[in-house]
Amino acid sequence: MSRKPRVAVITFPGSNDDRDALRAIRLMGGEPVPVWHGDRELREADAVILPGGFSYGDYLRTGAIAQFAPVMDAVREHAAGGRPVLGICNGFQILCEAGLLPGALIRNRGLAFVCRRVHVRVETALTPVTSGLVAGDVLEIPIKHGEGQFVAEPDILARIEDQGLVVFRYCSPGGDLHDDGNPNGSANHIAGARNERGNVVGMMPHPEHAVDADIGPLGGQPIFESLLSSLLAGVR
Amino acid sequence: MTLAKQSLHRALGLTDEEEERIQATLGRAPNHAELAMYAAMWSEHCSYKSSKVHLRTLPTAGPHILVGPGEDAGVVDLGDGLACVFKMESHSHPSAIEPVQGAATGVGGIVRDVLSMGARPVALLDPLRFGPLEESRNRWLMSGVVAGIGQYGNSIGVPTVGGEVKFAPAHGPNPTVNVMCVGFAPGDRLVRARAEGQGNILVLVGAATGRDGIGGVSVLASRTLEAGSDDARPSVQIGDPFVEKLLIEACLELVEAGLLVGLQDLGGAGLTCAVSESAARAGTGADIDLDAVPLREPRMEAFEILTSESQERMLAVVRPEDLDAVRAVCAKWGLASSTIGRVTGDGKVRAKVDGRVVTEVPARSLADDGPEYRRRMEPPAWLDDLAEDDPTFADPPVDPGQAFLRLLGSPNVASKGWVWEQYDSLVQGNTLVGPGGADAAVIRIEGTLKAVALATDGNGRYGRLDPYLGAAHAVAEGARNVACVGARPLAITNCLNFGNPERPDVMWAFAEAVRGMGEACRQLGTPVTGGNVSFYNESGDSAIWPTPVVGMLGVLDDYRLLVRPGFAPGFLVYLLGETFAELGGTEYSEVTLGKVSGRVPGLDLEREAGLISLLQEASRRDLVASAHDCSDGGLAVTLAECALAGDTGFAVGLPGDLPAHVALFSESASRVVVSVSPEKAGAFEALVAEHRVPFGRLGETGGPRMVFGDAFELTVAEAREVHQGALPRLLRGERAGG
Amino acid sequence: MKTRYQVFVQLKEGLADPQGKALEDSLPTLGYEGVSAVRVGKHIELTVENDNPEAARAMVEDLSKRVLSNPVIEVFWIVHTETAE
Amino acid sequence: MKTRYQVFVQLKEGLADPQGKALEDSLPTLGYEGVSAVRVGKHIELTVENDNPEAARAMVEDLSKRVLSNPVIEVFWIVHTETAE
Ligand SMILES: Nc1ncnc2c1ncn2[C@@H]1O[C@H](COP(=O)(O)OP(=O)(O)O)[C@@H](O)[C@H]1O
Ligand SMILES: [Mg+2]
C-alpha cells in the first residue's frame, strides 16, 4: 500500500477523549490526524472519528451545539461520499443530533453517570468498524456516560431493527441479552447504530479505551483493526 | 473609632485588634473596600491565623521536593525531568448546604491550584465523610456530593481515580468534602504564582465576575454555621465545568508556548488574594483597573469586584510584547481575556475606578502580615474515661462469623462501587489502577515506564480517641498503601478538618494531629508539600471528629512490576507484621459493641519503615503475587478483599495465640497480607528476614470458599453479595444487610 | 423592541421520561401520596431584540426547532411573556 | 379529584447560569442575533389526586421546596393548570 490510513479525530470545545482516540489510532497502526472544530476540511483523512467528552458542556442537550460546528459540513460531505465516520459516546450523540444516525440518546435509566466495563454483542459485520468481526462476537469495552440511553419512537425503532441498523447490543459475557446487562436502559439493548449505507456508525462504549493491555480490556482492538483494514482496502 | 465603623469591621469578621493593626499599617483608617480586602485575606481560611504556628513545625524539605508549602500546590521531582504537582483542599462548608454545587466547585478550585503551577491535571481523589445513611438528609448529602464531583470531574476530562468514604454521626450536620488533584509537568516548565517584572501586564482569563461568595472565606469557611443560617447561603456558587475545561487547555497552551511570566488561580478572596499573593511573592505591587474587569451583574461595588469568588477565573502575568499572542490563545479556546492592570515596583496593591484610586494597600501586609494566634489548648475532659473503656477484653457479643458479615456490610468497609462508578476513571488513558483496584491508584506517566501511586487516608475513630496517633496512622497507612503496589512513598499533602479553633479542646486536638503528622512524615521520609486547614466544621454544639486526611504520593520506576491485591489459585498466603490484642477504636468495636472507645492501636514507625522498604524490594524482585494492607476490620476483612479482588478463595489459620475475634479483627498497624508462589517462597522469606519484619505463613489460596481457620467459612460469592450490596441498599433507604 | 419568551421542551408522550419516573417512584418514600404522571422538562427564558414582532416570533420558533429541542424525541411550545420598548 | 400542576425551578437571580450562558454565547455563530438574558431552568408537570384543593396545593408547595428545588440556590413557582373529577 502507498501510505498509512489517515484517521481524523475532531476536537470540539469540551472534547475529552480526543487525545485517547488519537493515541489508539497510532497504537493500532493508523495515521492520527487532529482536526479542529473550526476547520472546514478534514486534512485528507480517510476516516473521521467524533470523540467522547462534553462538547460545549453538553448543557442543553448532548451534542446539541456541536452539530453546528463549521467542521460538521465537512463531516456530512465525508459521510455522503460513503466514507467511514465513527462517533464515540459524545460523538454518537452529535451524529444523532446532526441527523446522520437514527434515534437519540437521553439520560440513563438510573439517572447517574455510569463508568464500567461492559460486554457488547456485534450485530452486523456490514460496517467499516465491524468488517473484521462476525455477528455474535462479544467484545469487552468500557462505557462512561450519563446520557447513553438509546431511544426512538416505536415506528422508527422498528425500522432500525428491520433494516439491521443495530451494530452493537449490551449483553452478558456469554452474549445473551439480560436486563441487568443493560447499563442505561437502552431500547433493545442498543449500544451502537449505523446509517442505512453502513458507513456512519455511532457507539456509546469507548473502543479507544480498550486497545492497551496495560490499561484495560482489549475489545477495542478488532474495531480499530476493522476500520484500518477496510481503509487499506480503500486507499490501496 | 465610630460605632458604624466598628460594626462594619466586625460584620466583616475582623476583630477590633485586627482593625487597629490595619490602621497602624496604613497610617489611616481603612475605607470599606480596604476593610473587605483585609477581612478576606486575614480570614482563617486565607491567613491560617490559628494554625500557622503549628503548621510551621511540619517537615517540608527533602532532596526531591521542588516546591513546598506557600505556593498554590506542592511540587515533587519524579526524576528524568518530570515534576508532579499535587494538593488537597476542603469544600465542606458549601457542600453542607448545596451538596452538588458545593462539591463541584471544590473540584474546580483544586484543579485550578494545580493548573496554576503549569501542570496538566491528571487525577482527582475525593476523601469524604458523612453521617449515617439511615438519615435521609445524609443520603441526600452523599448522593449530591458524589453527583457534583462526578459532573465536574467528568466534564473536564480529569479522571477521578481514588478517595475514601467514611461514616460517623459527628459528620451528619457537617459532612467533610476534601478533594485532591494531581498534575504532571516537565520540571523545566513549571510556572510560579509570581507577579514578576515591573510593567508586566495582568490579564484576567475566564468567567465574568459576579456577586459570588462575597465574604465567602470570612463568613462560610471561617465561622461556625448556625443551623439554618441564611446569611451564609448566597456564598454557594454554581460551577461551570465547560469553562474550566477551556481554561485548562488554554493555560497549558500558554505555558507550552512560554508566554507566561506567572499564573495564579482566583480562589478564596478572589482578585484580592490572587493579586496580593502573587505581588507579595515577587516583592512587587500592582495597579488594577476595576472598570476593566468583565462583570456578570450590573452596578457592582469596588469591594465586591475585589473579593468576589466567582469560579473559573485565572490571573496571568504577561510581558507587554506577548499580550496579543496570549489573548489570541484565549480567543482560540473561546475564553474572555482582559487586561486589568500592571505590575508596579512600589509593593502596593492599588485599585482604580474611573481613574480614581479606591484602595491602596501594601501587598505584603495583605498576604503575609496576617494575624497569628496561639489559641488556648486543653485536652477534652472525657478523653481519659473513653480510653479506659477499652473493648479489647470485652466478651464478644456475637460469634466471629456474624461479626465478619456485619463488618463486610458496614458502610465503612463495604464496596464503594456505588460512588466510583459515577466517576470517569479512564479518561486520559493512563489509569493503570483505578478506584477499588488496589490500596493505591496508579497513574502511568505516558511515554515512560514510570507511574505515580496515590492514596488518601484518615481514620476518624482514631482521630477522636487520639489525634496524635490518628494523624500518624494516616501518614503510615498512606505510605503503606503506596508501598503495597510497589511504589516508593515521596511526599504528602493533607487536609486538616476540625471544629471551632476558638475552643481549647479543638485547638488541642489540632496541635496533636499536626504533631503526629509531622513525626510520622519525618520518620517515613515523606515531607509535607502543602495542604489545607478547614476549621469551624461544627454547628450548634456538634463538631466533627478531628479528621486529618493525608494524600500520599509515591513513585513506581517500572509499572510492569506493580502489585495488585487480588488472590489467584495456588499461592501461599503470608501475613507481614505482628498482630496484637488491639480492638480499641476499631471498626469491629463500633459495629458489634456500638463503641468508639479504648486505646488506639499502637504505631512503631521504625517497623513501618522496614515493612515499607520490604514491600518495595519484594515488588522490585518480583517476589509477591499480591499485597494488601490491614486496616478497617483487620485481617479478616483484608483476606476477604483479596479473595473478592481475585475471585479466588483461601484456607488460612489464625495468627498468634489470640482469641479468634481478636486475631481476626484487631487493627494492629504495619501489617500486610501477601501471596507468594511456592517456587519463590524461599527467596521471599529470606528477604523478609533481611528486613527483620515479623511474619507468618497463614495458608494457601484457591477454591470458591474463604476458610478462616476453624472460626468460620463462607463462599466468595456470598461475601461479594454482602460487600457490594450494602451501600446501594442503604442509599435506597433500606436497612444494612449482613 | 424587546420581547421576553419562554420555551418549554419535553420528551414526546410516547417516550419514557427517566427523570419523571425516578422522581415519581421516590415520592411515596418521601411521604407524598397520590402524585402521578410526573414529567420533567426544560424551561428556557430569553429576550429577543427586534422591532418586527413576526420576525422575532419566527426566530424563536426556528431556534426552538433547531437548537432548543430535538424533534426526534422532544416537543416544544412557546409562551410570549412581556414586551418592552 | 385530580389536579395538574406545573412547577418551574430556576437558579436565583444573580447566580451564574452556565447553561444559559453557554447557549447564549453560541447563538450568534448559529445565526441568531439579538438574543439576550437566556436562562435555563426545569419544568416539572405532575398530577395530584386529592379531594381537598388546599391540601393538594400545600403538598405541591412542600414538594417543590423540599424535593424539586434547593432554596439555597433556586427559586420555584407553581402554576395550576386544570382540574378534573
Ligand atoms: N495542613 C497544611 N499543611 C501544610 N501546608 C499547608 C496546610 N494547609 C495549608 N498549607 C499551605 O498554605 C498555603 C495556603 O494554603 P491555601 O490557602 O489552601 O492555598 P491556596 O491559596 O492555593 O488555596 C498553601 O501553600 C498550602 O499548601
Ligand atoms: Mg490557590
# chains A, B, ... in the order shown; residues from 1 in each chain; ligands from 1
>>> residues_around(residues="segment 182-184 of chain A", least_positions_apart="5", cutoff="10 Å", atoms="only C-alpha atoms", output="NGL selection string")
:A and (106-120 or 143 or 145-150 or 169-172 or 177 or 189-191)
>>> residues_near_ligand(ligand="ligand 2", cutoff="7 Å", atoms="only C-alpha atoms and all ligand atoms", output="ChimeraX atom specification")
/B:72,113,264-267
>>> residues_around(residues="segment 623-626 of chain B", least_positions_apart="4", cutoff="9 Å", atoms="only C-alpha atoms", output="PyMOL selection string")
chain B and resi 484-485+563-568+571+615+617-619+642+673-677+680-681+683-684
>>> atom_distance(atom1="atom CA of Ala302 of chain B", atom2="atom CA of Val275 of chain B")
14.8 Å
>>> residues_around(residues="Glu45 of chain C", least_positions_apart="2", cutoff="7 Å", atoms="only C-alpha atoms", output="compact mmCIF listing (two decimals) with N, CA, C and O atoms, in the first residue's frame")
# COMPACT_ATOMS: atom_id res chain seq x y z
N TYR C 5 -39.52 35.71 25.87
CA TYR C 5 -40.22 34.46 25.54
C TYR C 5 -39.87 33.37 26.54
O TYR C 5 -38.78 33.37 27.12
N GLN C 6 -40.79 32.45 26.71
CA GLN C 6 -40.50 31.23 27.46
C GLN C 6 -40.69 30.06 26.51
O GLN C 6 -41.71 29.97 25.84
N VAL C 7 -39.69 29.18 26.46
CA VAL C 7 -39.81 27.99 25.62
C VAL C 7 -39.81 26.77 26.52
O VAL C 7 -38.98 26.64 27.43
N HIS C 43 -37.13 24.47 30.65
CA HIS C 43 -37.84 25.74 30.59
C HIS C 43 -36.79 26.80 30.29
O HIS C 43 -35.91 27.06 31.12
N VAL D 38 -30.58 34.82 28.51
CA VAL D 38 -31.04 33.44 28.40
C VAL D 38 -30.90 32.75 29.75
O VAL D 38 -29.84 32.81 30.37
N ARG D 39 -31.96 32.14 30.23
CA ARG D 39 -31.91 31.36 31.47
C ARG D 39 -32.52 30.00 31.23
O ARG D 39 -33.57 29.89 30.59
N VAL D 40 -31.84 28.98 31.69
CA VAL D 40 -32.35 27.63 31.51
C VAL D 40 -32.77 27.08 32.87
O VAL D 40 -32.01 27.13 33.83
>>> residues_near_ligand(ligand="ligand 1", cutoff="7 Å", atoms="only C-alpha atoms and all ligand atoms", output="list in words")
His45, Cys46, Leu55, Pro69, Gly70, Glu71, Asp72, Ala73, Gly74, Lys87, Glu89, Asp113, Gly267, Gly268, Thr493, Asn494, Cys495, Leu496, Val528, Thr529, Gly530, Gly531, Asn532 and Val533 of chain B
>>> select_by_dssp(residues="chain D", states="helix (DSSP H, G or I)", output="ChimeraX atom specification")
/D:18-26,28-30,53-68
>>> write_last_selection(atoms="N, CA and C atoms", output="mmCIF file, in the first residue's frame")
data_model
loop_
_atom_site.group_PDB
_atom_site.id
_atom_site.type_symbol
_atom_site.label_atom_id
_atom_site.label_comp_id
_atom_site.auth_asym_id
_atom_site.auth_seq_id
_atom_site.Cartn_x
_atom_site.Cartn_y
_atom_site.Cartn_z
ATOM 1 N N PRO D 18 -24.603 28.630 34.006
ATOM 2 C CA PRO D 18 -23.703 28.137 32.951
ATOM 3 C C PRO D 18 -24.453 27.668 31.707
ATOM 4 N N GLN D 19 -25.599 26.999 31.917
ATOM 5 C CA GLN D 19 -26.347 26.503 30.758
ATOM 6 C C GLN D 19 -26.822 27.660 29.894
ATOM 7 N N GLY D 20 -27.428 28.663 30.562
ATOM 8 C CA GLY D 20 -27.928 29.809 29.817
ATOM 9 C C GLY D 20 -26.798 30.532 29.101
ATOM 10 N N LYS D 21 -25.670 30.663 29.801
ATOM 11 C CA LYS D 21 -24.551 31.408 29.220
ATOM 12 C C LYS D 21 -23.978 30.674 28.004
ATOM 13 N N ALA D 22 -23.734 29.361 28.152
ATOM 14 C CA ALA D 22 -23.158 28.593 27.040
ATOM 15 C C ALA D 22 -24.072 28.697 25.819
ATOM 16 N N LEU D 23 -25.377 28.610 26.070
ATOM 17 C CA LEU D 23 -26.345 28.695 24.970
ATOM 18 C C LEU D 23 -26.287 30.081 24.330
ATOM 19 N N GLU D 24 -26.385 31.106 25.175
ATOM 20 C CA GLU D 24 -26.393 32.481 24.670
ATOM 21 C C GLU D 24 -25.131 32.764 23.853
ATOM 22 N N ASP D 25 -23.974 32.326 24.373
ATOM 23 C CA ASP D 25 -22.712 32.585 23.665
ATOM 24 C C ASP D 25 -22.688 31.928 22.297
ATOM 25 N N SER D 26 -23.380 30.786 22.157
ATOM 26 C CA SER D 26 -23.261 30.051 20.888
ATOM 27 C C SER D 26 -24.247 30.571 19.839
ATOM 28 N N PRO D 28 -25.048 33.556 18.333
ATOM 29 C CA PRO D 28 -24.620 34.344 17.163
ATOM 30 C C PRO D 28 -23.979 33.480 16.076
ATOM 31 N N THR D 29 -23.110 32.560 16.474
ATOM 32 C CA THR D 29 -22.459 31.726 15.452
ATOM 33 C C THR D 29 -23.479 30.805 14.788
ATOM 34 N N LEU D 30 -24.599 30.558 15.444
ATOM 35 C CA LEU D 30 -25.634 29.723 14.822
ATOM 36 C C LEU D 30 -26.586 30.594 13.998
ATOM 37 N N PRO D 53 -58.579 20.705 47.717
ATOM 38 C CA PRO D 53 -57.695 21.543 46.889
ATOM 39 C C PRO D 53 -56.592 22.209 47.705
ATOM 40 N N GLU D 54 -56.922 22.747 48.892
ATOM 41 C CA GLU D 54 -55.894 23.414 49.695
ATOM 42 C C GLU D 54 -54.777 22.420 50.023
ATOM 43 N N ALA D 55 -55.169 21.241 50.471
ATOM 44 C CA ALA D 55 -54.179 20.234 50.852
ATOM 45 C C ALA D 55 -53.299 19.887 49.650
ATOM 46 N N ALA D 56 -53.929 19.717 48.498
ATOM 47 C CA ALA D 56 -53.172 19.369 47.294
ATOM 48 C C ALA D 56 -52.134 20.449 46.998
ATOM 49 N N ARG D 57 -52.620 21.682 46.997
ATOM 50 C CA ARG D 57 -51.740 22.818 46.712
ATOM 51 C C ARG D 57 -50.590 22.862 47.722
ATOM 52 N N ALA D 58 -50.934 22.691 49.008
ATOM 53 C CA ALA D 58 -49.922 22.745 50.065
ATOM 54 C C ALA D 58 -48.860 21.665 49.839
ATOM 55 N N MET D 59 -49.331 20.478 49.409
ATOM 56 C CA MET D 59 -48.380 19.394 49.189
ATOM 57 C C MET D 59 -47.417 19.743 48.050
ATOM 58 N N VAL D 60 -47.964 20.324 46.976
ATOM 59 C CA VAL D 60 -47.101 20.676 45.847
ATOM 60 C C VAL D 60 -46.087 21.742 46.266
ATOM 61 N N GLU D 61 -46.544 22.691 47.078
ATOM 62 C CA GLU D 61 -45.630 23.711 47.612
ATOM 63 C C GLU D 61 -44.478 23.030 48.343
ATOM 64 N N ASP D 62 -44.862 22.149 49.274
ATOM 65 C CA ASP D 62 -43.872 21.469 50.116
ATOM 66 C C ASP D 62 -42.926 20.638 49.258
ATOM 67 N N LEU D 63 -43.506 19.905 48.323
ATOM 68 C CA LEU D 63 -42.719 19.062 47.415
ATOM 69 C C LEU D 63 -41.719 19.913 46.631
ATOM 70 N N SER D 64 -42.198 21.061 46.161
ATOM 71 C CA SER D 64 -41.325 21.934 45.380
ATOM 72 C C SER D 64 -40.174 22.445 46.216
ATOM 73 N N LYS D 65 -40.471 22.779 47.469
ATOM 74 C CA LYS D 65 -39.436 23.344 48.335
ATOM 75 C C LYS D 65 -38.442 22.273 48.746
ATOM 76 N N ARG D 66 -38.928 21.086 49.065
ATOM 77 C CA ARG D 66 -38.044 20.067 49.656
ATOM 78 C C ARG D 66 -37.379 19.163 48.622
ATOM 79 N N VAL D 67 -38.069 18.876 47.537
ATOM 80 C CA VAL D 67 -37.554 17.874 46.598
ATOM 81 C C VAL D 67 -37.171 18.473 45.247
ATOM 82 N N LEU D 68 -38.064 19.287 44.688
ATOM 83 C CA LEU D 68 -37.840 19.753 43.315
ATOM 84 C C LEU D 68 -36.811 20.866 43.233
#
>>> atom_distance(atom1="atom CA of Ser69 of chain D", atom2="atom CA of Ser55 of chain A")
26.7 Å
>>> closest_residue(among="D:Gly14, D:Phe8, D:Leu46, D:Lys2", to="chain C", atoms="only C-alpha atoms")
D:Leu46
>>> residues_around(residues="segment 137-148 of chain B", least_positions_apart="4", cutoff="9 Å", atoms="only C-alpha atoms", output="JSON, numbers by chain")
{"A": [112, 113], "B": [95, 96, 97, 98, 99, 100, 101, 102, 103, 104, 105, 107, 128, 129, 130, 131, 132, 133, 152, 153, 172, 173, 175, 177, 419, 420, 422, 423, 730, 731, 732, 733]}
>>> write_last_selection(atoms="C-alpha atoms", output="compact mmCIF listing (two decimals), in the first residue's frame")
# COMPACT_ATOMS: atom_id res chain seq x y z
CA ALA A 112 -26.49 8.51 37.38
CA PHE A 113 -23.32 8.60 35.29
CA SER B 95 -21.31 21.18 50.38
CA ALA B 96 -23.31 21.10 53.61
CA ILE B 97 -25.89 23.50 52.20
CA GLU B 98 -25.77 22.65 48.48
CA PRO B 99 -24.05 19.29 48.02
CA VAL B 100 -23.97 19.17 44.23
CA GLN B 101 -22.60 22.64 43.54
CA GLY B 102 -20.60 22.77 46.77
CA ALA B 103 -18.64 19.64 45.85
CA ALA B 104 -18.44 20.54 42.15
CA THR B 105 -16.88 23.94 42.83
CA VAL B 107 -13.16 20.15 42.34
CA LEU B 128 -15.46 12.12 52.02
CA ARG B 129 -17.18 11.86 55.43
CA PHE B 130 -20.92 11.72 56.02
CA GLY B 131 -23.38 10.99 58.77
CA PRO B 132 -25.20 7.62 58.96
CA LEU B 133 -27.16 6.77 55.81
CA TYR B 152 -17.49 18.45 37.32
CA GLY B 153 -14.59 15.98 37.14
CA GLY B 172 -24.05 14.33 59.89
CA PRO B 173 -24.59 18.08 60.36
CA PRO B 175 -20.07 16.45 56.10
CA VAL B 177 -15.62 17.02 51.49
CA VAL B 419 -19.66 6.04 44.38
CA TRP B 420 -16.81 5.49 41.94
CA GLN B 422 -20.24 7.62 38.86
CA TYR B 423 -16.73 8.89 38.14
CA LEU B 730 -28.59 1.84 52.43
CA LEU B 731 -28.81 4.57 49.80
CA ARG B 732 -32.17 3.22 48.71
CA GLY B 733 -33.26 3.83 52.27
>>> interface_residues(of="chain A", to="chain C", cutoff="10 Å", atoms="only C-alpha atoms", output="MDAnalysis selection string")
chainID A and resid 60:61 64:65 67:68 96:99 102:111 149 151:154 156 185
>>> closest_atom_pairs(of="chain A", to="chain B", cutoff="10 Å", atoms="only C-alpha atoms", output="JSON lines")
{"residue": "A:Phe12", "atom": "CA", "partner": "B:Trp333", "partner_atom": "CA", "distance": 9.8}
{"residue": "A:Pro13", "atom": "CA", "partner": "B:Leu246", "partner_atom": "CA", "distance": 7.0}
{"residue": "A:Gly14", "atom": "CA", "partner": "B:Phe242", "partner_atom": "CA", "distance": 6.2}
{"residue": "A:Ser15", "atom": "CA", "partner": "B:Gly157", "partner_atom": "CA", "distance": 8.1}
{"residue": "A:Asn16", "atom": "CA", "partner": "B:Gly157", "partner_atom": "CA", "distance": 5.0}
{"residue": "A:Asp17", "atom": "CA", "partner": "B:Val427", "partner_atom": "CA", "distance": 6.3}
{"residue": "A:Asp18", "atom": "CA", "partner": "B:Gln428", "partner_atom": "CA", "distance": 9.0}
{"residue": "A:Arg19", "atom": "CA", "partner": "B:Gln428", "partner_atom": "CA", "distance": 7.2}
{"residue": "A:Asp20", "atom": "CA", "partner": "B:Gln428", "partner_atom": "CA", "distance": 6.1}
{"residue": "A:Ala21", "atom": "CA", "partner": "B:Gly429", "partner_atom": "CA", "distance": 9.5}
{"residue": "A:Arg23", "atom": "CA", "partner": "B:Gly429", "partner_atom": "CA", "distance": 8.9}
{"residue": "A:Ala24", "atom": "CA", "partner": "B:Gly429", "partner_atom": "CA", "distance": 9.6}
{"residue": "A:Gly38", "atom": "CA", "partner": "B:Lys332", "partner_atom": "CA", "distance": 9.5}
{"residue": "A:Gly52", "atom": "CA", "partner": "B:Val427", "partner_atom": "CA", "distance": 9.4}
{"residue": "A:Gly53", "atom": "CA", "partner": "B:Ser155", "partner_atom": "CA", "distance": 6.9}
{"residue": "A:Phe54", "atom": "CA", "partner": "B:Ser155", "partner_atom": "CA", "distance": 5.7}
{"residue": "A:Ser55", "atom": "CA", "partner": "B:Phe242", "partner_atom": "CA", "distance": 8.2}
{"residue": "A:Tyr56", "atom": "CA", "partner": "B:Phe242", "partner_atom": "CA", "distance": 6.5}
{"residue": "A:Gly57", "atom": "CA", "partner": "B:Phe242", "partner_atom": "CA", "distance": 4.7}
{"residue": "A:Asp58", "atom": "CA", "partner": "B:Phe242", "partner_atom": "CA", "distance": 8.5}
{"residue": "A:Tyr59", "atom": "CA", "partner": "B:Phe242", "partner_atom": "CA", "distance": 8.9}
{"residue": "A:Ala112", "atom": "CA", "partner": "B:Gln422", "partner_atom": "CA", "distance": 6.5}
{"residue": "A:Phe113", "atom": "CA", "partner": "B:Gln422", "partner_atom": "CA", "distance": 4.8}
{"residue": "A:Val114", "atom": "CA", "partner": "B:Gln422", "partner_atom": "CA", "distance": 5.1}
{"residue": "A:Cys115", "atom": "CA", "partner": "B:Glu421", "partner_atom": "CA", "distance": 4.9}
{"residue": "A:Arg116", "atom": "CA", "partner": "B:Glu421", "partner_atom": "CA", "distance": 6.4}
{"residue": "A:Pro142", "atom": "CA", "partner": "B:Leu426", "partner_atom": "CA", "distance": 8.7}
{"residue": "A:Ile143", "atom": "CA", "partner": "B:Asp424", "partner_atom": "CA", "distance": 9.1}
{"residue": "A:Lys144", "atom": "CA", "partner": "B:Asp424", "partner_atom": "CA", "distance": 6.1}
{"residue": "A:His145", "atom": "CA", "partner": "B:Asp424", "partner_atom": "CA", "distance": 8.2}
{"residue": "A:Gly146", "atom": "CA", "partner": "B:Gln422", "partner_atom": "CA", "distance": 8.5}
{"residue": "A:His206", "atom": "CA", "partner": "B:Leu426", "partner_atom": "CA", "distance": 9.9}
{"residue": "A:Glu208", "atom": "CA", "partner": "B:Gly429", "partner_atom": "CA", "distance": 8.6}
{"residue": "A:His209", "atom": "CA", "partner": "B:Gly429", "partner_atom": "CA", "distance": 6.5}
{"residue": "A:Ala210", "atom": "CA", "partner": "B:Gly429", "partner_atom": "CA", "distance": 9.4}
{"residue": "A:Asp212", "atom": "CA", "partner": "B:Gly429", "partner_atom": "CA", "distance": 8.9}
{"residue": "A:Ala213", "atom": "CA", "partner": "B:Leu432", "partner_atom": "CA", "distance": 9.8}
{"residue": "A:Asp214", "atom": "CA", "partner": "B:Leu432", "partner_atom": "CA", "distance": 6.5}
{"residue": "A:Ile215", "atom": "CA", "partner": "B:Leu432", "partner_atom": "CA", "distance": 5.1}
{"residue": "A:Gly216", "atom": "CA", "partner": "B:Leu432", "partner_atom": "CA", "distance": 8.0}
>>> select_by_dssp(residues="segment 46-207 of chain A", states="strand (DSSP E or B)", output="ChimeraX atom specification")
/A:47-50,53,85-88,104-106,114-122,138-145,149-151,166-171,190-194,200-203
>>> atom_distance(atom1="atom CA of Val358 of chain B", atom2="atom CA of Leu306 of chain B")
10.8 Å
>>> interface_residues(of="chain B", to="chain D", cutoff="8 Å", atoms="only C-alpha atoms", output="list in words")
Ile97, Glu98, Gly210, Arg211, Asp212, Arg233, Pro234, Val236, Gln237, Ile238, Gly239, Asp240, Arg296 and Glu297 of chain B
>>> residues_around(residues="Met1 of chain C", least_positions_apart="6", cutoff="8 Å", atoms="only C-alpha atoms", output="ChimeraX atom specification")
/C:49-51,83-85
>>> decode(residues="segment 73-84 of chain C", atoms="N, CA, C and O atoms", output="PDB file, in the first residue's frame")
ATOM      1  N   ILE C  73     -37.153  13.394  19.429  1.00  0.00           N
ATOM      2  CA  ILE C  73     -37.649  12.865  20.700  1.00  0.00           C
ATOM      3  C   ILE C  73     -38.429  13.878  21.521  1.00  0.00           C
ATOM      4  O   ILE C  73     -39.061  13.524  22.509  1.00  0.00           O
ATOM      5  N   GLU C  74     -38.356  15.153  21.132  1.00  0.00           N
ATOM      6  CA  GLU C  74     -38.950  16.168  22.003  1.00  0.00           C
ATOM      7  C   GLU C  74     -40.010  17.012  21.294  1.00  0.00           C
ATOM      8  O   GLU C  74     -40.014  17.142  20.078  1.00  0.00           O
ATOM      9  N   VAL C  75     -40.908  17.580  22.097  1.00  0.00           N
ATOM     10  CA  VAL C  75     -41.854  18.592  21.619  1.00  0.00           C
ATOM     11  C   VAL C  75     -41.543  19.887  22.362  1.00  0.00           C
ATOM     12  O   VAL C  75     -40.937  19.865  23.433  1.00  0.00           O
ATOM     13  N   PHE C  76     -41.927  21.012  21.764  1.00  0.00           N
ATOM     14  CA  PHE C  76     -41.731  22.283  22.453  1.00  0.00           C
ATOM     15  C   PHE C  76     -42.952  23.166  22.253  1.00  0.00           C
ATOM     16  O   PHE C  76     -43.731  22.954  21.316  1.00  0.00           O
ATOM     17  N   TRP C  77     -43.139  24.112  23.149  1.00  0.00           N
ATOM     18  CA  TRP C  77     -44.125  25.152  22.928  1.00  0.00           C
ATOM     19  C   TRP C  77     -43.595  26.466  23.478  1.00  0.00           C
ATOM     20  O   TRP C  77     -42.729  26.475  24.350  1.00  0.00           O
ATOM     21  N   ILE C  78     -44.080  27.538  22.888  1.00  0.00           N
ATOM     22  CA  ILE C  78     -43.534  28.860  23.192  1.00  0.00           C
ATOM     23  C   ILE C  78     -44.602  29.721  23.850  1.00  0.00           C
ATOM     24  O   ILE C  78     -45.745  29.737  23.415  1.00  0.00           O
ATOM     25  N   VAL C  79     -44.224  30.397  24.919  1.00  0.00           N
ATOM     26  CA  VAL C  79     -45.127  31.352  25.561  1.00  0.00           C
ATOM     27  C   VAL C  79     -44.465  32.720  25.531  1.00  0.00           C
ATOM     28  O   VAL C  79     -43.291  32.857  25.892  1.00  0.00           O
ATOM     29  N   HIS C  80     -45.203  33.709  25.040  1.00  0.00           N
ATOM     30  CA  HIS C  80     -44.672  35.070  24.966  1.00  0.00           C
ATOM     31  C   HIS C  80     -45.073  35.801  26.240  1.00  0.00           C
ATOM     32  O   HIS C  80     -46.250  35.854  26.582  1.00  0.00           O
ATOM     33  N   THR C  81     -44.101  36.250  27.015  1.00  0.00           N
ATOM     34  CA  THR C  81     -44.456  36.861  28.303  1.00  0.00           C
ATOM     35  C   THR C  81     -44.663  38.367  28.204  1.00  0.00           C
ATOM     36  O   THR C  81     -45.783  38.826  28.187  1.00  0.00           O
ATOM     37  N   GLU C  82     -43.608  39.167  28.117  1.00  0.00           N
ATOM     38  CA  GLU C  82     -43.894  40.604  28.011  1.00  0.00           C
ATOM     39  C   GLU C  82     -43.063  41.264  26.924  1.00  0.00           C
ATOM     40  O   GLU C  82     -42.071  40.730  26.459  1.00  0.00           O
ATOM     41  N   THR C  83     -43.489  42.429  26.554  1.00  0.00           N
ATOM     42  CA  THR C  83     -42.791  43.219  25.556  1.00  0.00           C
ATOM     43  C   THR C  83     -42.513  44.610  26.121  1.00  0.00           C
ATOM     44  O   THR C  83     -43.381  45.183  26.781  1.00  0.00           O
ATOM     45  N   ALA C  84     -41.298  45.070  25.915  1.00  0.00           N
ATOM     46  CA  ALA C  84     -40.951  46.418  26.393  1.00  0.00           C
ATOM     47  C   ALA C  84     -40.290  47.184  25.258  1.00  0.00           C
ATOM     48  O   ALA C  84     -39.637  46.593  24.401  1.00  0.00           O
TER      49      ALA C  84
END
